[in-house]
Amino acid sequence: MVTRLPPPSDCKFVTTLVAQQGDAIAGKFTSNRALAEGAMNDMKNQAQGAGANYVLLETTTAGNTISGGRHGVSGEQTDVTHVGNAFLCPSAPASTSAPDPASQASRMP
């Protein structure tokens with residue numbers, strides 16, 4: 001789980017993670033959403049590899065590449081970096097994801 005909520009008190013710190021997606025070349029051809037999702041997947045994979053089951057997301061930054069010439073200046077988002085602290089919690093915390101829209105629809109009058 002990756003969240004901005006502090007971990008439960010019985011969790012043990014494992015490591016700090018720096019996850020990213022994109023670069024100055026390939027990032028120009030990748031949507032902002034795909035960059036953010038790729039960086040989040042990288043963070044989850046790193047946490048799992050470190051033996052953690054809880055990540056406190058500390059910062060998220062988006063890098064931009066700007067270029068220019070005599071005809072003007074242009075720029076675009078080219079990468080996303082997430083920094084978080086990974087923890088091992090004795091019992092995996094409950095997911096904080098939103099409820100499934102399909103299950104919500106079945107409860108509507």
# chains A, B, ... in the order shown; residues from 1 in each chain; ligands from 1

call {"tool": "residues_around", "arguments": {"residues": "region 29-39 of chain A", "least_positions_apart": "5", "cutoff": "9 Å", "atoms": "only C-alpha atoms", "output": "ChimeraX atom specification"}}
result
/A:19-22,44,62,77-82

call {"tool": "write_last_selection", "arguments": {"atoms": "N, CA and C atoms", "output": "tab-separated table (two decimals), in the first residue's frame"}}
result
chain	number	residue	atom	x	y	z
A	19	ALA	N	11.49	6.35	-6.59
A	19	ALA	CA	10.93	5.68	-7.77
A	19	ALA	C	10.69	6.72	-8.86
A	20	GLN	N	10.91	6.32	-10.10
A	20	GLN	CA	10.72	7.28	-11.19
A	20	GLN	C	10.25	6.61	-12.47
A	21	GLN	N	9.75	7.46	-13.34
A	21	GLN	CA	9.35	7.01	-14.68
A	21	GLN	C	9.62	8.16	-15.64
A	22	GLY	N	10.21	7.84	-16.78
A	22	GLY	CA	10.45	8.84	-17.81
A	22	GLY	C	11.85	9.38	-17.81
A	44	LYS	N	5.97	0.61	-5.87
A	44	LYS	CA	5.39	-0.63	-5.32
A	44	LYS	C	6.33	-1.81	-5.53
A	62	ALA	N	7.46	16.43	-10.62
A	62	ALA	CA	7.38	16.24	-12.06
A	62	ALA	C	8.47	17.07	-12.70
A	77	GLN	N	6.26	18.03	-19.63
A	77	GLN	CA	6.61	17.15	-18.52
A	77	GLN	C	7.29	15.92	-19.10
A	78	THR	N	8.43	15.54	-18.52
A	78	THR	CA	9.17	14.41	-19.07
A	78	THR	C	9.41	13.30	-18.07
A	79	ASP	N	9.18	13.55	-16.78
A	79	ASP	CA	9.39	12.49	-15.81
A	79	ASP	C	8.65	12.79	-14.52
A	80	VAL	N	8.44	11.74	-13.74
A	80	VAL	CA	7.82	11.84	-12.41
A	80	VAL	C	8.69	11.04	-11.45
A	81	THR	N	8.93	11.62	-10.28
A	81	THR	CA	9.70	10.95	-9.24
A	81	THR	C	8.90	10.96	-7.95
A	82	HIS	N	8.78	9.80	-7.31
A	82	HIS	CA	8.14	9.66	-6.00
A	82	HIS	C	9.22	9.28	-4.99

call {"tool": "atom_distance", "arguments": {"atom1": "CA of Pro8 (chain A)", "atom2": "CA of Asn41 (chain A)"}}
result
22.7 Å

call {"tool": "atom_distance", "arguments": {"atom1": "CA of Gly63 (chain A)", "atom2": "CA of Met43 (chain A)"}}
result
17.1 Å

call {"tool": "closest_residue", "arguments": {"among": "A:Thr3, A:Gln48, A:Asn64, A:Thr16", "to": "Val83 (chain A)", "atoms": "only C-alpha atoms"}}
result
A:Thr16

call {"tool": "select_by_dssp", "arguments": {"residues": "region 25-57 of chain A", "states": "alpha helix (DSSP H)", "output": "PyMOL selection string"}}
result
chain A and resi 32-49
